[in-house]
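A.B. asks: Handing over data_31.cif, mmCIF, C-alpha atoms.
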data_structure
#
loop_
_atom_site.group_PDB
_atom_site.id
_atom_site.type_symbol
_atom_site.label_atom_id
_atom_site.label_comp_id
_atom_site.auth_asym_id
_atom_site.auth_seq_id
_atom_site.Cartn_x
_atom_site.Cartn_y
_atom_site.Cartn_z
ATOM 1 C CA MET A 1 -114.379 -13.117 4.588
ATOM 2 C CA ASN A 2 -115.343 -13.268 8.257
ATOM 3 C CA GLU A 3 -114.328 -16.925 8.365
ATOM 4 C CA ALA A 4 -110.891 -16.100 6.903
ATOM 5 C CA LEU A 5 -110.368 -13.326 9.439
ATOM 6 C CA SER A 6 -111.411 -15.705 12.204
ATOM 7 C CA LEU A 7 -108.863 -18.313 11.072
ATOM 8 C CA LEU A 8 -106.107 -15.687 10.967
ATOM 9 C CA SER A 9 -106.995 -14.105 14.299
ATOM 10 C CA PHE A 10 -104.882 -14.342 17.424
ATOM 11 C CA GLY A 11 -106.082 -16.491 20.267
ATOM 12 C CA PRO A 12 -107.288 -20.038 20.798
ATOM 13 C CA THR A 13 -109.636 -20.017 17.777
ATOM 14 C CA GLY A 14 -107.220 -18.596 15.211
ATOM 15 C CA TRP A 15 -103.806 -19.343 13.770
ATOM 16 C CA GLY A 16 -102.346 -15.842 13.964
ATOM 17 C CA ASP A 17 -100.150 -16.720 16.951
ATOM 18 C CA GLU A 18 -98.614 -19.702 15.157
ATOM 19 C CA ILE A 19 -97.993 -17.734 11.956
ATOM 20 C CA ALA A 20 -96.405 -14.861 13.906
ATOM 21 C CA SER A 21 -94.232 -17.352 15.782
ATOM 22 C CA GLY A 22 -93.124 -18.812 12.451
ATOM 23 C CA VAL A 23 -92.222 -15.349 11.168
ATOM 24 C CA TRP A 24 -90.086 -14.767 14.268
ATOM 25 C CA VAL A 25 -88.253 -18.080 13.771
ATOM 26 C CA THR A 26 -87.662 -17.361 10.070
ATOM 27 C CA VAL A 27 -86.327 -13.850 10.642
ATOM 28 C CA SER A 28 -84.246 -14.966 13.638
ATOM 29 C CA LEU A 29 -82.672 -17.806 11.680
ATOM 30 C CA ALA A 30 -81.854 -15.603 8.677
ATOM 31 C CA ALA A 31 -80.490 -12.785 10.871
ATOM 32 C CA SER A 32 -78.379 -15.240 12.893
ATOM 33 C CA THR A 33 -77.017 -16.914 9.763
ATOM 34 C CA LEU A 34 -75.996 -13.642 8.087
ATOM 35 C CA PRO A 35 -73.009 -12.634 10.286
ATOM 36 C CA PHE A 36 -71.609 -16.175 10.356
ATOM 37 C CA GLY A 37 -72.015 -16.545 6.604
ATOM 38 C CA LEU A 38 -70.445 -13.150 5.905
ATOM 39 C CA ALA A 39 -67.463 -13.766 8.178
ATOM 40 C CA LEU A 40 -66.831 -17.232 6.772
ATOM 41 C CA GLY A 41 -67.308 -16.048 3.197
ATOM 42 C CA PHE A 42 -64.842 -13.221 3.753
ATOM 43 C CA LEU A 43 -62.235 -15.625 5.139
ATOM 44 C CA VAL A 44 -62.737 -18.000 2.218
ATOM 45 C CA ALA A 45 -62.322 -15.086 -0.208
ATOM 46 C CA LEU A 46 -59.084 -14.099 1.557
ATOM 47 C CA ALA A 47 -57.888 -17.689 1.193
ATOM 48 C CA LYS A 48 -58.647 -17.552 -2.520
ATOM 49 C CA THR A 49 -56.493 -14.455 -2.888
ATOM 50 C CA SER A 50 -53.669 -15.962 -0.812
ATOM 51 C CA GLU A 51 -50.264 -16.723 -2.280
ATOM 52 C CA ASP A 52 -50.400 -20.131 -0.583
ATOM 53 C CA ALA A 53 -51.478 -22.735 -3.141
ATOM 54 C CA TYR A 54 -52.900 -25.038 -0.463
ATOM 55 C CA LEU A 55 -55.132 -22.301 0.935
ATOM 56 C CA ARG A 56 -56.394 -21.459 -2.541
ATOM 57 C CA ALA A 57 -57.052 -25.117 -3.326
ATOM 58 C CA GLY A 58 -58.887 -25.651 -0.023
ATOM 59 C CA ALA A 59 -61.042 -22.559 -0.556
ATOM 60 C CA ASN A 60 -61.896 -23.630 -4.111
ATOM 61 C CA ILE A 61 -62.860 -27.125 -2.932
ATOM 62 C CA TYR A 62 -65.033 -25.587 -0.202
ATOM 63 C CA THR A 63 -66.975 -23.350 -2.578
ATOM 64 C CA THR A 64 -67.307 -26.061 -5.220
ATOM 65 C CA LEU A 65 -68.671 -28.481 -2.631
ATOM 66 C CA PHE A 66 -71.287 -26.274 -1.010
ATOM 67 C CA ARG A 67 -72.315 -24.519 -4.212
ATOM 68 C CA GLY A 68 -72.677 -27.872 -5.941
ATOM 69 C CA LEU A 69 -74.753 -29.652 -3.300
ATOM 70 C CA PRO A 70 -78.489 -28.902 -3.073
ATOM 71 C CA GLU A 71 -79.247 -26.802 -0.001
ATOM 72 C CA LEU A 72 -81.722 -29.388 1.279
ATOM 73 C CA LEU A 73 -79.134 -32.150 1.042
ATOM 74 C CA THR A 74 -76.604 -30.001 2.913
ATOM 75 C CA LEU A 75 -79.197 -29.458 5.631
ATOM 76 C CA PHE A 76 -79.843 -33.201 5.915
ATOM 77 C CA LEU A 77 -76.120 -33.976 6.067
ATOM 78 C CA ILE A 78 -75.531 -31.403 8.808
ATOM 79 C CA TYR A 79 -78.630 -32.319 10.827
ATOM 80 C CA TYR A 80 -78.429 -36.112 10.678
ATOM 81 C CA GLY A 81 -74.661 -36.434 10.216
ATOM 82 C CA GLY A 82 -74.031 -33.893 12.946
ATOM 83 C CA GLN A 83 -76.449 -35.771 15.172
ATOM 84 C CA ILE A 84 -74.498 -38.996 14.760
ATOM 85 C CA ALA A 85 -71.097 -37.351 15.225
ATOM 86 C CA LEU A 86 -72.116 -35.240 18.230
ATOM 87 C CA SER A 87 -73.922 -38.134 19.910
ATOM 88 C CA ALA A 88 -70.892 -40.393 19.497
ATOM 89 C CA PHE A 89 -68.576 -37.671 20.821
ATOM 90 C CA THR A 90 -70.666 -36.817 23.894
ATOM 91 C CA GLN A 91 -71.353 -40.509 24.541
ATOM 92 C CA ARG A 92 -67.630 -41.159 24.694
ATOM 93 C CA LEU A 93 -66.859 -38.004 26.670
ATOM 94 C CA PHE A 94 -69.802 -37.706 29.071
ATOM 95 C CA GLY A 95 -71.451 -41.118 28.842
ATOM 96 C CA GLN A 96 -74.694 -39.870 27.262
ATOM 97 C CA PRO A 97 -75.661 -38.779 23.725
ATOM 98 C CA THR A 98 -76.645 -35.218 22.824
ATOM 99 C CA GLU A 99 -79.235 -34.222 20.255
ATOM 100 C CA VAL A 100 -78.601 -31.556 17.620
ATOM 101 C CA ASN A 101 -80.901 -28.569 17.931
ATOM 102 C CA GLY A 102 -82.829 -27.920 14.712
ATOM 103 C CA PHE A 103 -82.178 -24.169 14.863
ATOM 104 C CA VAL A 104 -78.423 -24.664 15.293
ATOM 105 C CA ALA A 105 -78.315 -27.259 12.511
ATOM 106 C CA GLY A 106 -80.227 -24.939 10.185
ATOM 107 C CA LEU A 107 -77.972 -22.016 11.075
ATOM 108 C CA PHE A 108 -74.831 -24.061 10.458
ATOM 109 C CA ALA A 109 -76.039 -25.536 7.157
ATOM 110 C CA LEU A 110 -77.315 -22.220 5.779
ATOM 111 C CA SER A 111 -74.103 -20.482 6.882
ATOM 112 C CA LEU A 112 -72.019 -22.955 4.886
ATOM 113 C CA VAL A 113 -74.130 -22.468 1.766
ATOM 114 C CA PHE A 114 -74.350 -18.690 2.158
ATOM 115 C CA SER A 115 -70.605 -18.338 2.758
ATOM 116 C CA SER A 116 -69.736 -20.356 -0.338
ATOM 117 C CA TYR A 117 -71.646 -17.889 -2.519
ATOM 118 C CA ALA A 118 -70.618 -14.827 -0.495
ATOM 119 C CA SER A 119 -66.964 -15.747 -0.979
ATOM 120 C CA GLU A 120 -67.378 -15.369 -4.746
ATOM 121 C CA VAL A 121 -69.007 -11.975 -4.255
ATOM 122 C CA PHE A 122 -66.155 -10.860 -2.002
ATOM 123 C CA LEU A 123 -63.605 -12.264 -4.436
ATOM 124 C CA SER A 124 -65.085 -10.215 -7.292
ATOM 125 C CA ALA A 125 -65.057 -7.144 -5.054
ATOM 126 C CA PHE A 126 -61.390 -7.731 -4.183
ATOM 127 C CA ARG A 127 -60.582 -7.916 -7.887
ATOM 128 C CA GLY A 128 -62.424 -4.634 -8.429
ATOM 129 C CA ILE A 129 -60.070 -2.740 -6.110
ATOM 130 C CA PRO A 130 -57.055 -1.366 -8.022
ATOM 131 C CA ALA A 131 -53.615 -2.569 -6.992
ATOM 132 C CA GLY A 132 -52.635 1.084 -6.503
ATOM 133 C CA GLN A 133 -54.797 1.176 -3.364
ATOM 134 C CA TYR A 134 -52.544 -1.412 -1.725
ATOM 135 C CA GLU A 135 -49.398 0.323 -2.970
ATOM 136 C CA GLY A 136 -50.589 3.693 -1.707
ATOM 137 C CA ALA A 137 -51.347 2.251 1.735
ATOM 138 C CA GLN A 138 -47.912 0.664 1.835
ATOM 139 C CA ALA A 139 -46.321 3.977 0.877
ATOM 140 C CA LEU A 140 -48.112 5.607 3.814
ATOM 141 C CA GLY A 141 -46.582 3.031 6.147
ATOM 142 C CA LEU A 142 -49.786 1.163 6.931
ATOM 143 C CA ASN A 143 -49.418 -2.480 7.902
ATOM 144 C CA ARG A 144 -51.602 -5.194 6.370
ATOM 145 C CA ILE A 145 -54.277 -5.060 9.068
ATOM 146 C CA LYS A 146 -54.655 -1.272 8.884
ATOM 147 C CA THR A 147 -54.615 -1.406 5.103
ATOM 148 C CA MET A 148 -57.465 -3.890 5.149
ATOM 149 C CA ARG A 149 -59.472 -2.007 7.779
ATOM 150 C CA LEU A 150 -58.968 1.574 6.599
ATOM 151 C CA VAL A 151 -58.469 1.274 2.854
ATOM 152 C CA ILE A 152 -59.793 -2.006 1.481
ATOM 153 C CA LEU A 153 -62.862 -2.840 3.589
ATOM 154 C CA PRO A 154 -64.773 0.433 2.914
ATOM 155 C CA GLN A 155 -64.370 -0.115 -0.830
ATOM 156 C CA LEU A 156 -65.065 -3.837 -0.514
ATOM 157 C CA VAL A 157 -68.419 -3.216 1.182
ATOM 158 C CA ARG A 158 -69.497 -0.816 -1.561
ATOM 159 C CA LEU A 159 -68.526 -3.200 -4.344
ATOM 160 C CA ALA A 160 -69.932 -6.339 -2.713
ATOM 161 C CA LEU A 161 -73.207 -4.879 -1.440
ATOM 162 C CA PRO A 162 -75.364 -5.514 -4.562
ATOM 163 C CA GLY A 163 -74.355 -9.172 -4.674
ATOM 164 C CA LEU A 164 -74.745 -9.619 -0.924
ATOM 165 C CA SER A 165 -78.222 -8.087 -0.990
ATOM 166 C CA ASN A 166 -79.284 -10.710 -3.530
ATOM 167 C CA LEU A 167 -77.779 -13.463 -1.382
ATOM 168 C CA TRP A 168 -79.699 -12.177 1.651
ATOM 169 C CA LEU A 169 -82.989 -12.464 -0.227
ATOM 170 C CA ILE A 170 -82.079 -15.999 -1.273
ATOM 171 C CA LEU A 171 -81.151 -16.820 2.333
ATOM 172 C CA LEU A 172 -84.476 -15.462 3.562
ATOM 173 C CA LYS A 173 -86.325 -17.855 1.256
ATOM 174 C CA ASP A 174 -83.977 -20.776 1.938
ATOM 175 C CA THR A 175 -84.963 -20.687 5.609
ATOM 176 C CA ALA A 176 -88.153 -22.457 4.490
ATOM 177 C CA LEU A 177 -86.039 -25.610 4.120
ATOM 178 C CA VAL A 178 -85.682 -25.969 7.894
ATOM 179 C CA SER A 179 -89.351 -26.968 8.086
ATOM 180 C CA VAL A 180 -88.326 -30.480 7.003
ATOM 181 C CA ILE A 181 -86.294 -30.982 10.190
ATOM 182 C CA GLY A 182 -89.139 -29.908 12.453
ATOM 183 C CA LEU A 183 -88.275 -26.249 13.040
ATOM 184 C CA SER A 184 -91.470 -24.202 13.400
ATOM 185 C CA ASP A 185 -90.847 -21.569 10.750
ATOM 186 C CA ILE A 186 -93.416 -19.890 8.506
ATOM 187 C CA LEU A 187 -93.764 -22.841 6.148
ATOM 188 C CA ARG A 188 -94.072 -25.521 8.815
ATOM 189 C CA ASN A 189 -96.672 -23.617 10.835
ATOM 190 C CA THR A 190 -98.539 -22.875 7.632
ATOM 191 C CA ASN A 191 -98.601 -26.580 6.778
ATOM 192 C CA VAL A 192 -99.918 -27.386 10.262
ATOM 193 C CA ALA A 193 -102.657 -24.775 9.865
ATOM 194 C CA VAL A 194 -103.589 -26.166 6.441
ATOM 195 C CA GLY A 195 -103.759 -29.706 7.821
ATOM 196 C CA ASN A 196 -106.103 -28.647 10.605
ATOM 197 C CA THR A 197 -108.360 -26.229 8.729
ATOM 198 C CA LYS A 198 -108.312 -27.698 5.207
ATOM 199 C CA GLU A 199 -107.828 -24.171 3.847
ATOM 200 C CA PRO A 200 -104.648 -24.457 1.763
ATOM 201 C CA PHE A 201 -105.230 -21.441 -0.483
ATOM 202 C CA LEU A 202 -105.799 -19.031 2.405
ATOM 203 C CA PHE A 203 -102.772 -19.998 4.469
ATOM 204 C CA PHE A 204 -100.339 -20.493 1.598
ATOM 205 C CA PHE A 205 -101.426 -17.134 0.183
ATOM 206 C CA VAL A 206 -100.739 -15.528 3.565
ATOM 207 C CA ALA A 207 -97.315 -17.234 3.678
ATOM 208 C CA CYS A 208 -96.529 -15.884 0.193
ATOM 209 C CA MET A 209 -97.505 -12.373 1.280
ATOM 210 C CA ILE A 210 -95.332 -12.618 4.385
ATOM 211 C CA TYR A 211 -92.261 -13.646 2.364
ATOM 212 C CA LEU A 212 -93.023 -10.876 -0.137
ATOM 213 C CA VAL A 213 -93.266 -8.262 2.622
ATOM 214 C CA LEU A 214 -90.014 -9.482 4.197
ATOM 215 C CA SER A 215 -88.304 -9.226 0.803
ATOM 216 C CA MET A 216 -89.655 -5.710 0.218
ATOM 217 C CA VAL A 217 -88.545 -4.526 3.650
ATOM 218 C CA SER A 218 -85.109 -6.065 3.052
ATOM 219 C CA SER A 219 -84.811 -4.330 -0.324
ATOM 220 C CA ILE A 220 -85.676 -0.974 1.241
ATOM 221 C CA ALA A 221 -83.150 -1.557 4.043
ATOM 222 C CA PHE A 222 -80.413 -2.460 1.563
ATOM 223 C CA GLY A 223 -81.300 0.642 -0.427
ATOM 224 C CA PHE A 224 -80.511 2.791 2.628
ATOM 225 C CA ILE A 225 -77.330 0.818 3.296
ATOM 226 C CA SER A 226 -76.268 1.224 -0.318
ATOM 227 C CA GLY A 227 -76.845 4.984 -0.101
ATOM 228 C CA TRP A 228 -74.707 5.083 3.042
ATOM 229 C CA ALA A 229 -71.948 3.059 1.373
ATOM 230 C CA GLU A 230 -71.986 5.303 -1.705
ATOM 231 C CA ARG A 231 -71.689 8.513 0.289
ATOM 232 C CA GLY A 232 -68.839 10.702 -0.859
ATOM 233 C CA GLN A 233 -68.736 9.128 -4.310
ATOM 234 C CA GLU A 234 -68.609 11.644 -7.105
ATOM 235 C CA THR A 235 -71.679 11.765 -9.307
ATOM 236 C CA ARG A 236 -70.761 10.851 -12.852
ATOM 237 C CA ALA A 237 -72.773 11.996 -15.785
#
Could you quickly redo this structure as structure tokens?

C.D. replies:
Amino acid sequence: MNEALSLLSFGPTGWGDEIASGVWVTVSLAASTLPFGLALGFLVALAKTSEDAYLRAGANIYTTLFRGLPELLTLFLIYYGGQIALSAFTQRLFGQPTEVNGFVAGLFALSLVFSSYASEVFLSAFRGIPAGQYEGAQALGLNRIKTMRLVILPQLVRLALPGLSNLWLILLKDTALVSVIGLSDILRNTNVAVGNTKEPFLFFFVACMIYLVLSMVSSIAFGFISGWAERGQETRA
């Protein structure tokens, strides 16, 4: 027991600093990906509801592509493919290549995957809003932007929240994939600790507990958000 506590302690003799650093990277990556993924998913959902056939086709191709590819393969394509493209571009423009940051590559790849699933959640929420809401807003003289902001979005958030909360938990676990491109997240730092101490059970158990705690905290947070979104709704027997 004392040996385990010593290995998990902070300081030069323990691995607590590295594990804590990995937690910070994991949470930062997930939190940074969320707004980009939500915004892109919302735009893709709007494209799917558009009257323009080309927009609908493009949005459907987008979601089919990134929902069909394995997340790890998407990450590799963005990291290595982006590296080649960006290096060629900066070499031509500035005369020297530029490397792709692992955090940015992970954020971009996870945003694409997250948005492809979020768009389906938003699309279902759009379909759950009665057409009379749009007609009523039009009768009040609201333009399309005000209709979306004042009438549709509040209902959309309430309807989409359960699905988005599940996607957030999936995103939180998918951040472990960035360890393969050298980003020092929970999983990578855990693997380094295991390689140096030869204590796989201890460190992988700690990593499991950390992910479990993050998921529990997220569930509690979404519970509060859900209560806020449901405020004013009539209680039905």

A.B. asks: On this file, the PyMOL selection byres ((chain A and resi 200-203) around 12) gives some set of residues; write that set as an mmCIF file with C-alpha atoms, keeping the file's coordinate frame.

C.D. replies:
data_model
loop_
_atom_site.group_PDB
_atom_site.id
_atom_site.type_symbol
_atom_site.label_atom_id
_atom_site.label_comp_id
_atom_site.auth_asym_id
_atom_site.auth_seq_id
_atom_site.Cartn_x
_atom_site.Cartn_y
_atom_site.Cartn_z
ATOM 1 C CA MET A 1 -114.379 -13.117 4.588
ATOM 2 C CA GLU A 3 -114.328 -16.925 8.365
ATOM 3 C CA ALA A 4 -110.891 -16.100 6.903
ATOM 4 C CA LEU A 5 -110.368 -13.326 9.439
ATOM 5 C CA SER A 6 -111.411 -15.705 12.204
ATOM 6 C CA LEU A 7 -108.863 -18.313 11.072
ATOM 7 C CA LEU A 8 -106.107 -15.687 10.967
ATOM 8 C CA GLY A 14 -107.220 -18.596 15.211
ATOM 9 C CA TRP A 15 -103.806 -19.343 13.770
ATOM 10 C CA GLY A 16 -102.346 -15.842 13.964
ATOM 11 C CA GLU A 18 -98.614 -19.702 15.157
ATOM 12 C CA ILE A 19 -97.993 -17.734 11.956
ATOM 13 C CA ILE A 186 -93.416 -19.890 8.506
ATOM 14 C CA LEU A 187 -93.764 -22.841 6.148
ATOM 15 C CA ARG A 188 -94.072 -25.521 8.815
ATOM 16 C CA ASN A 189 -96.672 -23.617 10.835
ATOM 17 C CA THR A 190 -98.539 -22.875 7.632
ATOM 18 C CA ASN A 191 -98.601 -26.580 6.778
ATOM 19 C CA VAL A 192 -99.918 -27.386 10.262
ATOM 20 C CA ALA A 193 -102.657 -24.775 9.865
ATOM 21 C CA VAL A 194 -103.589 -26.166 6.441
ATOM 22 C CA GLY A 195 -103.759 -29.706 7.821
ATOM 23 C CA ASN A 196 -106.103 -28.647 10.605
ATOM 24 C CA THR A 197 -108.360 -26.229 8.729
ATOM 25 C CA LYS A 198 -108.312 -27.698 5.207
ATOM 26 C CA GLU A 199 -107.828 -24.171 3.847
ATOM 27 C CA PHE A 204 -100.339 -20.493 1.598
ATOM 28 C CA PHE A 205 -101.426 -17.134 0.183
ATOM 29 C CA VAL A 206 -100.739 -15.528 3.565
ATOM 30 C CA ALA A 207 -97.315 -17.234 3.678
ATOM 31 C CA CYS A 208 -96.529 -15.884 0.193
ATOM 32 C CA MET A 209 -97.505 -12.373 1.280
ATOM 33 C CA ILE A 210 -95.332 -12.618 4.385
#

A.B. asks: What is the distance between atom CA of A:Leu172 and atom CA of A:Ser28, in Å to one decimal?

C.D. replies: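 It comes out at 10.1 Å.
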
A.B. asks: Can you spell out as an MDAnalysis selection string the set of residues that the PyMOL selection byres ((chain A and resi 34) around 10) selects in the structure I just provided?

C.D. replies: chainID A and resid 29:33 35:40 107 110:111 114:115 164 167:168 171:172

A.B. asks: Please report the interatomic distance between atom CA of A:Ser218 and atom CA of A:Thr64 in Å with one decimal.

C.D. replies: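 So the two atoms, atom CA of A:Ser218 and atom CA of A:Thr64, lie 28.0 Å apart.
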
A.B. asks: Would you translate the PyMOL selection byres ((chain A and resi 120) around 10) into the concrete set of residues it matches in this file, as JSON, numbers by chain?

C.D. replies: {"A": [41, 42, 44, 45, 48, 60, 63, 115, 116, 117, 118, 119, 121, 122, 123, 124, 125, 126, 160, 163]}

A.B. asks: Can you measure atom CA of A:Gln155 to atom CA of A:Arg67 for me? One decimal in Å is fine.

C.D. replies: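 About the pair atom CA of A:Gln155 and atom CA of A:Arg67: they are 25.9 Å apart.
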
A.B. asks: Counting all atoms listed in the file, which residues sit no farther than 7 Å from the position (-76.9, -3.7, 3.6) in the file's frame? I'd like them as a list in words.

C.D. replies: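 Those within range, by chain then number, are Leu161, Ser165, Ala221, Phe222, Ile225 and Ser226 of chain A.
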
A.B. asks: Could you save the residues just selected, with C-alpha atoms, as a tab-separated table (two decimals), in the frame of the given file?

C.D. replies:
chain	number	residue	atom	x	y	z
A	161	LEU	CA	-73.21	-4.88	-1.44
A	165	SER	CA	-78.22	-8.09	-0.99
A	221	ALA	CA	-83.15	-1.56	4.04
A	222	PHE	CA	-80.41	-2.46	1.56
A	225	ILE	CA	-77.33	0.82	3.30
A	226	SER	CA	-76.27	1.22	-0.32

A.B. asks: When you count only C-alpha atoms, which of these residues is closest to A:Val25: A:Val113, A:Val104, A:Ile84, A:Val157?

C.D. replies: A:Val104

A.B. asks: Please identify all polymer residues lying at most 12 Å from the point (-59.1, -1.3, -5.8) (file coordinates), using only C-alpha atoms, and present the result as a list of chain:residue names.

C.D. replies: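 Checking each residue against the 12 Å limit leaves A:Leu123, A:Ser124, A:Ala125, A:Phe126, A:Arg127, A:Gly128, A:Ile129, A:Pro130, A:Ala131, A:Gly132, A:Gln133, A:Tyr134, A:Glu135, A:Gly136, A:Ala137, A:Thr147, A:Met148, A:Val151, A:Ile152, A:Leu153, A:Pro154, A:Gln155, A:Leu156, A:Val157, A:Arg158, A:Leu159.
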
A.B. asks: Pull C-alpha atoms for stretch 70-129 of chain A from the block and write them as a JSON list (two decimals), in the first residue's frame.

C.D. replies:
[["chain", "number", "residue", "atom", "x", "y", "z"],
["A", 70, "PRO", "CA", -13.01, 4.80, -37.47],
["A", 71, "GLU", "CA", -12.08, 7.69, -35.18],
["A", 72, "LEU", "CA", -8.46, 6.54, -35.04],
["A", 73, "LEU", "CA", -8.20, 6.52, -38.82],
["A", 74, "THR", "CA", -9.69, 10.02, -38.99],
["A", 75, "LEU", "CA", -7.08, 11.16, -36.49],
["A", 76, "PHE", "CA", -4.26, 9.64, -38.56],
["A", 77, "LEU", "CA", -5.58, 11.22, -41.76],
["A", 78, "ILE", "CA", -5.82, 14.67, -40.15],
["A", 79, "TYR", "CA", -2.47, 14.45, -38.35],
["A", 80, "TYR", "CA", -0.32, 12.97, -41.11],
["A", 81, "GLY", "CA", -2.30, 14.26, -44.09],
["A", 82, "GLY", "CA", -2.55, 17.70, -42.54],
["A", 83, "GLN", "CA", 1.17, 17.61, -41.86],
["A", 84, "ILE", "CA", 1.93, 16.96, -45.52],
["A", 85, "ALA", "CA", -0.53, 19.57, -46.80],
["A", 86, "LEU", "CA", 0.48, 22.28, -44.33],
["A", 87, "SER", "CA", 4.20, 21.65, -44.84],
["A", 88, "ALA", "CA", 3.81, 21.89, -48.62],
["A", 89, "PHE", "CA", 1.75, 25.08, -48.30],
["A", 90, "THR", "CA", 4.13, 26.86, -45.90],
["A", 91, "GLN", "CA", 7.15, 25.63, -47.87],
["A", 92, "ARG", "CA", 5.76, 27.26, -50.99],
["A", 93, "LEU", "CA", 4.60, 30.40, -49.19],
["A", 94, "PHE", "CA", 7.35, 31.03, -46.63],
["A", 95, "GLY", "CA", 10.16, 28.76, -47.80],
["A", 96, "GLN", "CA", 10.08, 26.45, -44.76],
["A", 97, "PRO", "CA", 7.77, 23.61, -43.66],
["A", 98, "THR", "CA", 5.52, 23.80, -40.60],
["A", 99, "GLU", "CA", 4.67, 20.92, -38.30],
["A", 100, "VAL", "CA", 1.12, 20.15, -37.18],
["A", 101, "ASN", "CA", 0.62, 20.46, -33.45],
["A", 102, "GLY", "CA", -0.73, 17.24, -31.92],
["A", 103, "PHE", "CA", -3.30, 19.11, -29.81],
["A", 104, "VAL", "CA", -4.63, 21.04, -32.82],
["A", 105, "ALA", "CA", -4.75, 17.88, -34.94],
["A", 106, "GLY", "CA", -6.62, 16.02, -32.20],
["A", 107, "LEU", "CA", -9.03, 18.92, -31.74],
["A", 108, "PHE", "CA", -9.73, 19.13, -35.47],
["A", 109, "ALA", "CA", -10.19, 15.37, -35.93],
["A", 110, "LEU", "CA", -12.42, 14.95, -32.87],
["A", 111, "SER", "CA", -14.46, 18.01, -33.89],
["A", 112, "LEU", "CA", -15.18, 16.46, -37.28],
["A", 113, "VAL", "CA", -16.29, 13.17, -35.73],
["A", 114, "PHE", "CA", -18.28, 14.83, -32.94],
["A", 115, "SER", "CA", -20.03, 17.21, -35.35],
["A", 116, "SER", "CA", -21.08, 14.39, -37.66],
["A", 117, "TYR", "CA", -22.95, 12.70, -34.80],
["A", 118, "ALA", "CA", -24.15, 15.97, -33.25],
["A", 119, "SER", "CA", -25.72, 16.96, -36.56],
["A", 120, "GLU", "CA", -28.01, 13.92, -36.37],
["A", 121, "VAL", "CA", -28.99, 14.84, -32.82],
["A", 122, "PHE", "CA", -29.77, 18.40, -33.90],
["A", 123, "LEU", "CA", -31.66, 17.14, -36.94],
["A", 124, "SER", "CA", -33.89, 14.96, -34.74],
["A", 125, "ALA", "CA", -34.46, 17.93, -32.44],
["A", 126, "PHE", "CA", -35.43, 20.12, -35.40],
["A", 127, "ARG", "CA", -37.95, 17.49, -36.48],
["A", 128, "GLY", "CA", -39.37, 17.45, -32.95],
["A", 129, "ILE", "CA", -40.34, 21.13, -33.12]]
